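Asker: Structure below; questions to follow.
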Amino acid sequence: MRPGTRAADAILRLLSRDRAGLAIALLPAAAGARCVTGRTGRRMLGGLLWAVALALGLGSLRHLVHVARIRVRYPPPGRMVDVGGYRMHVLAEGDAGPRPTVVWMPGGHTGGYAMHRLHALAREEMRSVLVDRPGSGWSDRGPFPRTTAAEAVELLTALERAGEKGPYVFVGHSFGGLLMANAARRRPDLVAGLVLLDPTPPDAVAFGPALPALRRAPRDQTVLALRHLFGLHPLAGRNGTHTSDDPARILAMIELRTKANCAAASILRELSPDGITRDGWQTAVHDGELGSLPLLLVAPRDLTGGGGIFDAVDDQEESARVRHFFLTVRERFLAASSSGRRIYTPEGTGHDFPDRVPDFVVQVVGSLLDRCGPGAPKPF
């Protein structure tokens, strides 16, 4: 591991503790005390440093009070299971019957509750499980650095220790799709099928054009962690259109804890050329590595909603090449299994289609479950 990576993880490890703000506030306070007790010319600087320390300390206390209130108001709806010195949150509901259990994983590095709308529909027909990655949702922060490979192992461990029984159908959206494919590669004996909802292809990072949003993502998440640490919480959603029991609002409140942003900042470093070079061998799932595992690749037919990526490309030919690249690169996931099948989402939907057409997604997952009996998976 490079020195810069170690330093970044050390910083994220510190910031992921909600009480770190108080310790950080002591630094300008101590510096201010030295100025005040020293030469007269520095007393004004000392007073300014004390004012900064006071502001940071009050902001940190505000954050801690807010976190304590949220913790009481929104306890974990599922089980907290130990995965080796830290706990992960697993919410499992519904009856599996003779069919495999479905495990959902959202995109980004957000908690499993982000897919609660799908879970609420699915639990009426199948055994449905939401899992919070370490740092996200109600799960503990876990060790740093965060990597997809490590989280694949943690996911499998959490399911086992929560008492869930395979075989599973893993369903993952975007970055969560990459995680689920990774977990399926590691334990194909536990997996009856895989549904990838517009998954993140590592090739897009390794060989694609530079994407400023991805490059800035770790930094942006670190900035959010600092803002939350000192009580600068977003106002959106507190008195807006979301109801108090809306899953999206609940998750947003739970993830005001700094561990969520710090864990995301750590793992999103994988989605960079340097990150893929460093971790790609353990992160990617290569051609044929899933054998004949039934695999559904569910994604839009076009690039609806992704226009911002191409607006930055001035050259018309280059823009066309970029569009072609992003339309085709995700199809590489189909090569991981000899039993892969492509399904297009409803017309007009984009990358966020799991939120827009949840009934369609549950129907697709159900169609795969119908092919997976108690024995070996049936190829398409």
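Starting from 1 in every chain, residues are counted up; chains themselves are A, B, ... following the order of the structure tokens, and ligands are numbered from 1 as listed.
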Run DSSP on the backbone and tell me which residues of range 44-130 of chain A come out as helix (DSSP H, G or I); list them as a count of residues only.
Answerer: 41
Asker: For Phe353 in chain A, find every residue with an atom within 12 Å (counting only C-alpha atoms), except residues of its own chain fewer than 3 positions away, and show them as an MDAnalysis selection string.
Answerer: chainID A and resid 106:107 115 118 173:174 197:198 298:301 303:305 344:350 356:362
Asker: Please determine, counting only C-alpha atoms, which residue among A:Ala192, A:Val67, A:Ala149, A:Leu334 has the shortest atom-to-atom distance to Val102 in chain A.
Answerer: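 Smallest separation from Val102 in chain A among the options: A:Ala192.
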Asker: Identify, on the basis of only C-alpha atoms, every residue whose closest approach to range 160-163 of chain A does not exceed 10 Å; exclude the query and any residue fewer than 3 positions from it along the same chain; express the result as a PyMOL selection string.
Answerer: chain A and resi 78-83+88-92+154-157+166
Asker: Mind dumping the selected residues with C-alpha atoms as a PDB file, in the first residue's frame?
Answerer:
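Below you can see again.pdb, which holds the result:
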```pdb
ATOM      1  CA  GLY A  78     -33.076  -5.951  11.533  1.00  0.00           C
ATOM      2  CA  ARG A  79     -30.331  -7.917  13.291  1.00  0.00           C
ATOM      3  CA  MET A  80     -26.829  -6.747  14.155  1.00  0.00           C
ATOM      4  CA  VAL A  81     -24.438  -9.638  13.525  1.00  0.00           C
ATOM      5  CA  ASP A  82     -20.758  -9.840  14.402  1.00  0.00           C
ATOM      6  CA  VAL A  83     -18.468 -10.402  11.415  1.00  0.00           C
ATOM      7  CA  MET A  88     -23.278  -5.571  10.194  1.00  0.00           C
ATOM      8  CA  HIS A  89     -26.992  -4.928   9.953  1.00  0.00           C
ATOM      9  CA  VAL A  90     -29.127  -7.578   8.213  1.00  0.00           C
ATOM     10  CA  LEU A  91     -32.863  -7.144   7.612  1.00  0.00           C
ATOM     11  CA  ALA A  92     -34.506 -10.376   6.423  1.00  0.00           C
ATOM     12  CA  GLU A 154     -18.089  -9.512   4.824  1.00  0.00           C
ATOM     13  CA  LEU A 155     -21.422  -9.895   3.015  1.00  0.00           C
ATOM     14  CA  LEU A 156     -21.136 -13.672   2.895  1.00  0.00           C
ATOM     15  CA  THR A 157     -20.091 -13.788   6.560  1.00  0.00           C
ATOM     16  CA  GLY A 166     -28.428 -20.397   0.632  1.00  0.00           C
TER      17      GLY A 166
END
```
Asker: Of the candidates A:Ala181, A:Thr5, A:Arg141, A:Arg123, which shows the shortest atom-to-atom distance to Arg278 in chain A, using only C-alpha atoms?
Answerer: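 Smallest separation from Arg278 in chain A among the options: A:Thr5.
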Asker: Need the shell around Tyr168 in chain A: protein/DNA/RNA residues with any atom at most 8 Å away, counting only C-alpha atoms. Skip same-chain ones fewer than 5 positions apart. Format as a PyMOL selection string?
Answerer: chain A and resi 100-103+190-193
Asker: Take the selection from the previous step and output its residues with N, CA, C and O atoms, as a JSON list (two decimals), in the first residue's frame.
Answerer:
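Produced file result00.json, reproduced below:
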```json
[["chain", "number", "residue", "atom", "x", "y", "z"],
["A", 100, "PRO", "N", -34.90, -19.83, -3.84],
["A", 100, "PRO", "CA", -33.76, -19.20, -3.17],
["A", 100, "PRO", "C", -34.14, -17.88, -2.50],
["A", 100, "PRO", "O", -35.13, -17.24, -2.85],
["A", 101, "THR", "N", -33.31, -17.49, -1.55],
["A", 101, "THR", "CA", -33.46, -16.19, -0.87],
["A", 101, "THR", "C", -32.82, -15.10, -1.73],
["A", 101, "THR", "O", -31.75, -15.30, -2.31],
["A", 102, "VAL", "N", -33.47, -13.95, -1.79],
["A", 102, "VAL", "CA", -32.97, -12.82, -2.58],
["A", 102, "VAL", "C", -32.24, -11.84, -1.66],
["A", 102, "VAL", "O", -32.76, -11.46, -0.60],
["A", 103, "VAL", "N", -31.04, -11.44, -2.05],
["A", 103, "VAL", "CA", -30.25, -10.46, -1.30],
["A", 103, "VAL", "C", -30.02, -9.26, -2.20],
["A", 103, "VAL", "O", -29.51, -9.40, -3.32],
["A", 190, "LEU", "N", -22.92, -21.07, -3.10],
["A", 190, "LEU", "CA", -24.01, -20.47, -2.32],
["A", 190, "LEU", "C", -24.98, -19.68, -3.18],
["A", 190, "LEU", "O", -25.97, -19.18, -2.68],
["A", 191, "VAL", "N", -24.67, -19.56, -4.47],
["A", 191, "VAL", "CA", -25.43, -18.65, -5.32],
["A", 191, "VAL", "C", -26.18, -19.42, -6.40],
["A", 191, "VAL", "O", -25.59, -20.21, -7.14],
["A", 192, "ALA", "N", -27.50, -19.19, -6.46],
["A", 192, "ALA", "CA", -28.34, -19.82, -7.49],
["A", 192, "ALA", "C", -28.47, -18.95, -8.72],
["A", 192, "ALA", "O", -28.79, -19.45, -9.80],
["A", 193, "GLY", "N", -28.25, -17.65, -8.59],
["A", 193, "GLY", "CA", -28.39, -16.76, -9.72],
["A", 193, "GLY", "C", -27.93, -15.36, -9.36],
["A", 193, "GLY", "O", -27.75, -15.02, -8.18]]
```
Asker: Can you measure CA of Arg146 in chain A to CA of Cys262 in chain A for me? One decimal in Å is fine.
Answerer: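 A separation of 9.3 Å between them.
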Asker: Considering only strand (DSSP E or B) as DSSP defines it on the backbone, what residues of range 146-347 of chain A qualify? List them as a list of chain:residue names.
Answerer: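 Strand (DSSP E or B) members of range 146-347 of chain A, listed: A:Tyr168, A:Val169, A:Phe170, A:Val171, A:Gly172, A:His173, A:Val191, A:Ala192, A:Gly193, A:Leu194, A:Val195, A:Leu196, A:Leu197, A:Leu295, A:Leu296, A:Leu297, A:Val298, A:Ala299, A:Gly340, A:Arg341, A:Arg342, A:Ile343, A:Tyr344.
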Asker: Hey, can you spit out that residue selection with N, CA and C atoms as a PDB file, in the first residue's frame?
Answerer:
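After the write, result33.pdb holds the following:
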```pdb
ATOM      1  N   TYR A 168     -28.658 -18.399  -2.704  1.00  0.00           N
ATOM      2  CA  TYR A 168     -29.136 -17.030  -2.818  1.00  0.00           C
ATOM      3  C   TYR A 168     -29.221 -16.610  -4.283  1.00  0.00           C
ATOM      4  N   VAL A 169     -30.088 -15.663  -4.521  1.00  0.00           N
ATOM      5  CA  VAL A 169     -30.035 -14.883  -5.752  1.00  0.00           C
ATOM      6  C   VAL A 169     -29.555 -13.499  -5.353  1.00  0.00           C
ATOM      7  N   PHE A 170     -28.391 -13.120  -5.808  1.00  0.00           N
ATOM      8  CA  PHE A 170     -27.817 -11.819  -5.492  1.00  0.00           C
ATOM      9  C   PHE A 170     -28.277 -10.800  -6.530  1.00  0.00           C
ATOM     10  N   VAL A 171     -28.777  -9.658  -6.036  1.00  0.00           N
ATOM     11  CA  VAL A 171     -29.235  -8.580  -6.906  1.00  0.00           C
ATOM     12  C   VAL A 171     -28.491  -7.307  -6.512  1.00  0.00           C
ATOM     13  N   GLY A 172     -27.762  -6.715  -7.450  1.00  0.00           N
ATOM     14  CA  GLY A 172     -26.997  -5.514  -7.141  1.00  0.00           C
ATOM     15  C   GLY A 172     -27.149  -4.449  -8.199  1.00  0.00           C
ATOM     16  N   HIS A 173     -27.280  -3.214  -7.743  1.00  0.00           N
ATOM     17  CA  HIS A 173     -27.424  -2.072  -8.651  1.00  0.00           C
ATOM     18  C   HIS A 173     -26.128  -1.272  -8.682  1.00  0.00           C
ATOM     19  N   VAL A 191     -24.674 -19.559  -4.469  1.00  0.00           N
ATOM     20  CA  VAL A 191     -25.433 -18.648  -5.323  1.00  0.00           C
ATOM     21  C   VAL A 191     -26.177 -19.423  -6.400  1.00  0.00           C
ATOM     22  N   ALA A 192     -27.495 -19.186  -6.464  1.00  0.00           N
ATOM     23  CA  ALA A 192     -28.336 -19.820  -7.487  1.00  0.00           C
ATOM     24  C   ALA A 192     -28.474 -18.952  -8.722  1.00  0.00           C
ATOM     25  N   GLY A 193     -28.253 -17.654  -8.588  1.00  0.00           N
ATOM     26  CA  GLY A 193     -28.393 -16.758  -9.720  1.00  0.00           C
ATOM     27  C   GLY A 193     -27.933 -15.359  -9.362  1.00  0.00           C
ATOM     28  N   LEU A 194     -27.740 -14.551 -10.388  1.00  0.00           N
ATOM     29  CA  LEU A 194     -27.208 -13.204 -10.212  1.00  0.00           C
ATOM     30  C   LEU A 194     -27.991 -12.252 -11.117  1.00  0.00           C
ATOM     31  N   VAL A 195     -28.491 -11.157 -10.527  1.00  0.00           N
ATOM     32  CA  VAL A 195     -29.197 -10.129 -11.294  1.00  0.00           C
ATOM     33  C   VAL A 195     -28.424  -8.827 -11.130  1.00  0.00           C
ATOM     34  N   LEU A 196     -27.858  -8.343 -12.210  1.00  0.00           N
ATOM     35  CA  LEU A 196     -27.057  -7.129 -12.181  1.00  0.00           C
ATOM     36  C   LEU A 196     -27.844  -5.996 -12.821  1.00  0.00           C
ATOM     37  N   LEU A 197     -28.140  -4.981 -12.005  1.00  0.00           N
ATOM     38  CA  LEU A 197     -28.950  -3.847 -12.441  1.00  0.00           C
ATOM     39  C   LEU A 197     -28.016  -2.710 -12.853  1.00  0.00           C
ATOM     40  N   LEU A 295     -27.337 -15.636 -15.038  1.00  0.00           N
ATOM     41  CA  LEU A 295     -27.019 -14.227 -14.838  1.00  0.00           C
ATOM     42  C   LEU A 295     -27.917 -13.383 -15.729  1.00  0.00           C
ATOM     43  N   LEU A 296     -28.577 -12.406 -15.119  1.00  0.00           N
ATOM     44  CA  LEU A 296     -29.398 -11.455 -15.858  1.00  0.00           C
ATOM     45  C   LEU A 296     -28.735 -10.085 -15.784  1.00  0.00           C
ATOM     46  N   LEU A 297     -28.450  -9.512 -16.925  1.00  0.00           N
ATOM     47  CA  LEU A 297     -27.941  -8.148 -16.993  1.00  0.00           C
ATOM     48  C   LEU A 297     -29.101  -7.246 -17.396  1.00  0.00           C
ATOM     49  N   VAL A 298     -29.552  -6.425 -16.458  1.00  0.00           N
ATOM     50  CA  VAL A 298     -30.731  -5.583 -16.660  1.00  0.00           C
ATOM     51  C   VAL A 298     -30.259  -4.133 -16.724  1.00  0.00           C
ATOM     52  N   ALA A 299     -30.465  -3.501 -17.857  1.00  0.00           N
ATOM     53  CA  ALA A 299     -29.976  -2.129 -18.035  1.00  0.00           C
ATOM     54  C   ALA A 299     -30.773  -1.445 -19.130  1.00  0.00           C
ATOM     55  N   GLY A 340     -25.721 -16.323 -19.427  1.00  0.00           N
ATOM     56  CA  GLY A 340     -26.130 -14.939 -19.217  1.00  0.00           C
ATOM     57  C   GLY A 340     -27.205 -14.516 -20.195  1.00  0.00           C
ATOM     58  N   ARG A 341     -28.022 -13.580 -19.769  1.00  0.00           N
ATOM     59  CA  ARG A 341     -29.121 -13.104 -20.609  1.00  0.00           C
ATOM     60  C   ARG A 341     -29.289 -11.607 -20.406  1.00  0.00           C
ATOM     61  N   ARG A 342     -29.541 -10.888 -21.478  1.00  0.00           N
ATOM     62  CA  ARG A 342     -29.712  -9.435 -21.444  1.00  0.00           C
ATOM     63  C   ARG A 342     -31.193  -9.083 -21.393  1.00  0.00           C
ATOM     64  N   ILE A 343     -31.560  -8.182 -20.479  1.00  0.00           N
ATOM     65  CA  ILE A 343     -32.931  -7.687 -20.373  1.00  0.00           C
ATOM     66  C   ILE A 343     -32.888  -6.161 -20.390  1.00  0.00           C
ATOM     67  N   TYR A 344     -33.718  -5.561 -21.227  1.00  0.00           N
ATOM     68  CA  TYR A 344     -33.777  -4.109 -21.313  1.00  0.00           C
ATOM     69  C   TYR A 344     -34.847  -3.567 -20.377  1.00  0.00           C
TER      70      TYR A 344
END
```
Asker: Residues within 12 Å of Asp9 in chain A, please, as a VMD selection string. Count only C-alpha atoms; anything in the same chain fewer than 6 positions from it doesn't count.
Answerer: chain A and resid 1 to 3 15 to 16 143 to 147 218 222 262 to 267 269
Asker: Go through A:Gly84, A:Gly176, A:Pro199, A:Pro98 and flag the residue nearest Gly142 in chain A, using only C-alpha atoms for the distances.
Answerer: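 Of all the options, A:Gly84 lies closest to Gly142 in chain A.
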Asker: Just want the 7 Å neighbourhood of Ala152 in chain A, counted on only C-alpha atoms, with same-chain residues fewer than 5 positions away dropped. Output as a PyMOL selection string.
Answerer: chain A and resi 179+182-183
Asker: Got a sec: who's within 9 Å of range 280-291 of chain A, counting only C-alpha atoms, leaving out chain neighbours fewer than 3 positions off, as a PDB file with N, CA, C and O atoms, in the first residue's frame?
Answerer:
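Listed below is the output, around_23.pdb:
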```pdb
ATOM      1  N   THR A 147     -12.683  -2.054   0.644  1.00  0.00           N
ATOM      2  CA  THR A 147     -12.506  -2.555  -0.715  1.00  0.00           C
ATOM      3  C   THR A 147     -13.684  -3.453  -1.071  1.00  0.00           C
ATOM      4  O   THR A 147     -14.324  -4.039  -0.197  1.00  0.00           O
ATOM      5  N   THR A 148     -13.950  -3.563  -2.368  1.00  0.00           N
ATOM      6  CA  THR A 148     -15.027  -4.433  -2.833  1.00  0.00           C
ATOM      7  C   THR A 148     -14.741  -5.880  -2.467  1.00  0.00           C
ATOM      8  O   THR A 148     -15.645  -6.622  -2.050  1.00  0.00           O
ATOM      9  N   ALA A 149     -13.502  -6.304  -2.614  1.00  0.00           N
ATOM     10  CA  ALA A 149     -13.145  -7.684  -2.298  1.00  0.00           C
ATOM     11  C   ALA A 149     -13.411  -7.999  -0.822  1.00  0.00           C
ATOM     12  O   ALA A 149     -13.985  -9.046  -0.490  1.00  0.00           O
ATOM     13  N   LEU A 178     -21.308  -4.711  -8.937  1.00  0.00           N
ATOM     14  CA  LEU A 178     -19.923  -5.164  -8.934  1.00  0.00           C
ATOM     15  C   LEU A 178     -19.632  -5.975  -7.678  1.00  0.00           C
ATOM     16  O   LEU A 178     -18.953  -7.008  -7.727  1.00  0.00           O
ATOM     17  N   LEU A 179     -20.150  -5.528  -6.531  1.00  0.00           N
ATOM     18  CA  LEU A 179     -19.960  -6.257  -5.277  1.00  0.00           C
ATOM     19  C   LEU A 179     -20.610  -7.640  -5.336  1.00  0.00           C
ATOM     20  O   LEU A 179     -20.007  -8.647  -4.950  1.00  0.00           O
ATOM     21  N   ALA A 181     -21.385  -9.483  -7.957  1.00  0.00           N
ATOM     22  CA  ALA A 181     -20.660 -10.356  -8.874  1.00  0.00           C
ATOM     23  C   ALA A 181     -19.398 -10.886  -8.209  1.00  0.00           C
ATOM     24  O   ALA A 181     -19.017 -12.057  -8.381  1.00  0.00           O
ATOM     25  N   ASN A 182     -18.737 -10.027  -7.430  1.00  0.00           N
ATOM     26  CA  ASN A 182     -17.532 -10.429  -6.713  1.00  0.00           C
ATOM     27  C   ASN A 182     -17.840 -11.504  -5.675  1.00  0.00           C
ATOM     28  O   ASN A 182     -17.104 -12.491  -5.538  1.00  0.00           O
ATOM     29  N   ALA A 184     -20.397 -13.592  -5.745  1.00  0.00           N
ATOM     30  CA  ALA A 184     -20.771 -14.818  -6.458  1.00  0.00           C
ATOM     31  C   ALA A 184     -19.536 -15.555  -6.953  1.00  0.00           C
ATOM     32  O   ALA A 184     -19.492 -16.800  -6.940  1.00  0.00           O
ATOM     33  N   ARG A 185     -18.525 -14.827  -7.397  1.00  0.00           N
ATOM     34  CA  ARG A 185     -17.287 -15.467  -7.850  1.00  0.00           C
ATOM     35  C   ARG A 185     -16.601 -16.215  -6.716  1.00  0.00           C
ATOM     36  O   ARG A 185     -16.044 -17.304  -6.906  1.00  0.00           O
ATOM     37  N   PRO A 188     -19.526 -19.560  -5.427  1.00  0.00           N
ATOM     38  CA  PRO A 188     -20.568 -19.973  -6.381  1.00  0.00           C
ATOM     39  C   PRO A 188     -21.462 -21.074  -5.841  1.00  0.00           C
ATOM     40  O   PRO A 188     -22.592 -21.235  -6.298  1.00  0.00           O
ATOM     41  N   PRO A 201     -19.005  -1.363 -14.511  1.00  0.00           N
ATOM     42  CA  PRO A 201     -17.959  -2.215 -15.088  1.00  0.00           C
ATOM     43  C   PRO A 201     -16.569  -1.638 -14.806  1.00  0.00           C
ATOM     44  O   PRO A 201     -16.309  -0.465 -15.103  1.00  0.00           O
ATOM     45  N   PRO A 202     -15.655  -2.405 -14.232  1.00  0.00           N
ATOM     46  CA  PRO A 202     -14.305  -1.883 -13.988  1.00  0.00           C
ATOM     47  C   PRO A 202     -13.625  -1.384 -15.256  1.00  0.00           C
ATOM     48  O   PRO A 202     -12.810  -0.458 -15.203  1.00  0.00           O
ATOM     49  N   ASP A 203     -13.965  -1.979 -16.412  1.00  0.00           N
ATOM     50  CA  ASP A 203     -13.358  -1.524 -17.665  1.00  0.00           C
ATOM     51  C   ASP A 203     -13.656  -0.055 -17.947  1.00  0.00           C
ATOM     52  O   ASP A 203     -12.846   0.640 -18.582  1.00  0.00           O
ATOM     53  N   ALA A 206     -10.950   1.679 -15.991  1.00  0.00           N
ATOM     54  CA  ALA A 206      -9.590   1.406 -16.452  1.00  0.00           C
ATOM     55  C   ALA A 206      -9.317   1.962 -17.845  1.00  0.00           C
ATOM     56  O   ALA A 206      -8.213   2.452 -18.122  1.00  0.00           O
ATOM     57  N   GLU A 270     -11.410   3.016  -5.377  1.00  0.00           N
ATOM     58  CA  GLU A 270     -11.261   1.942  -6.364  1.00  0.00           C
ATOM     59  C   GLU A 270     -11.672   2.397  -7.763  1.00  0.00           C
ATOM     60  O   GLU A 270     -11.143   1.903  -8.760  1.00  0.00           O
ATOM     61  N   GLY A 275      -6.822   3.267  -8.582  1.00  0.00           N
ATOM     62  CA  GLY A 275      -7.503   2.287  -7.741  1.00  0.00           C
ATOM     63  C   GLY A 275      -7.701   0.963  -8.447  1.00  0.00           C
ATOM     64  O   GLY A 275      -7.516  -0.117  -7.859  1.00  0.00           O
ATOM     65  N   ILE A 276      -8.082   1.024  -9.721  1.00  0.00           N
ATOM     66  CA  ILE A 276      -8.260  -0.207 -10.482  1.00  0.00           C
ATOM     67  C   ILE A 276      -6.929  -0.923 -10.680  1.00  0.00           C
ATOM     68  O   ILE A 276      -6.833  -2.152 -10.621  1.00  0.00           O
ATOM     69  N   THR A 277      -5.862  -0.164 -10.909  1.00  0.00           N
ATOM     70  CA  THR A 277      -4.531  -0.772 -11.029  1.00  0.00           C
ATOM     71  C   THR A 277      -4.153  -1.468  -9.733  1.00  0.00           C
ATOM     72  O   THR A 277      -3.585  -2.566  -9.742  1.00  0.00           O
ATOM     73  N   PRO A 294     -26.716 -18.804 -13.738  1.00  0.00           N
ATOM     74  CA  PRO A 294     -27.710 -17.939 -14.394  1.00  0.00           C
ATOM     75  C   PRO A 294     -27.484 -16.469 -14.026  1.00  0.00           C
ATOM     76  O   PRO A 294     -27.411 -16.118 -12.851  1.00  0.00           O
ATOM     77  N   LEU A 295     -27.337 -15.636 -15.038  1.00  0.00           N
ATOM     78  CA  LEU A 295     -27.019 -14.227 -14.838  1.00  0.00           C
ATOM     79  C   LEU A 295     -27.917 -13.383 -15.729  1.00  0.00           C
ATOM     80  O   LEU A 295     -28.006 -13.622 -16.938  1.00  0.00           O
ATOM     81  N   ARG A 332     -19.945  -6.562 -20.939  1.00  0.00           N
ATOM     82  CA  ARG A 332     -18.875  -7.493 -20.613  1.00  0.00           C
ATOM     83  C   ARG A 332     -19.255  -8.416 -19.467  1.00  0.00           C
ATOM     84  O   ARG A 332     -18.724  -9.528 -19.362  1.00  0.00           O
ATOM     85  N   PHE A 333     -20.157  -7.966 -18.588  1.00  0.00           N
ATOM     86  CA  PHE A 333     -20.563  -8.827 -17.475  1.00  0.00           C
ATOM     87  C   PHE A 333     -21.192 -10.125 -17.986  1.00  0.00           C
ATOM     88  O   PHE A 333     -21.129 -11.148 -17.317  1.00  0.00           O
ATOM     89  N   LEU A 334     -21.825 -10.086 -19.155  1.00  0.00           N
ATOM     90  CA  LEU A 334     -22.450 -11.289 -19.701  1.00  0.00           C
ATOM     91  C   LEU A 334     -21.423 -12.365 -20.011  1.00  0.00           C
ATOM     92  O   LEU A 334     -21.741 -13.562 -19.984  1.00  0.00           O
ATOM     93  N   ALA A 335     -20.187 -11.961 -20.287  1.00  0.00           N
ATOM     94  CA  ALA A 335     -19.142 -12.934 -20.604  1.00  0.00           C
ATOM     95  C   ALA A 335     -18.659 -13.684 -19.372  1.00  0.00           C
ATOM     96  O   ALA A 335     -17.956 -14.694 -19.503  1.00  0.00           O
ATOM     97  N   ALA A 336     -19.040 -13.226 -18.180  1.00  0.00           N
ATOM     98  CA  ALA A 336     -18.597 -13.908 -16.961  1.00  0.00           C
ATOM     99  C   ALA A 336     -19.268 -15.262 -16.795  1.00  0.00           C
ATOM    100  O   ALA A 336     -18.763 -16.134 -16.087  1.00  0.00           O
ATOM    101  N   SER A 337     -20.423 -15.452 -17.427  1.00  0.00           N
ATOM    102  CA  SER A 337     -21.165 -16.706 -17.316  1.00  0.00           C
ATOM    103  C   SER A 337     -21.578 -17.189 -18.699  1.00  0.00           C
ATOM    104  O   SER A 337     -21.908 -16.380 -19.580  1.00  0.00           O
ATOM    105  N   SER A 338     -21.594 -18.504 -18.863  1.00  0.00           N
ATOM    106  CA  SER A 338     -22.076 -19.070 -20.124  1.00  0.00           C
ATOM    107  C   SER A 338     -23.592 -19.105 -20.175  1.00  0.00           C
ATOM    108  O   SER A 338     -24.173 -19.506 -21.181  1.00  0.00           O
ATOM    109  N   SER A 339     -24.235 -18.702 -19.071  1.00  0.00           N
ATOM    110  CA  SER A 339     -25.692 -18.704 -19.002  1.00  0.00           C
ATOM    111  C   SER A 339     -26.191 -17.300 -18.673  1.00  0.00           C
ATOM    112  O   SER A 339     -26.957 -17.100 -17.737  1.00  0.00           O
TER     113      SER A 339
END
```
Asker: Rank nothing, just name the residue among A:Gly21, A:Pro234, A:Pro354, A:Gly135 nearest to Leu61 in chain A, using only C-alpha atoms.
Answerer: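 Looking only at the distances to Leu61 in chain A, the closest residue turns out to be A:Gly21.
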Asker: What does the distance from CA of Ile11 in chain A to CA of Asp132 in chain A come to in Å, to one decimal?
Answerer: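 Going from CA of Ile11 in chain A over to CA of Asp132 in chain A, I get 22.6 Å.
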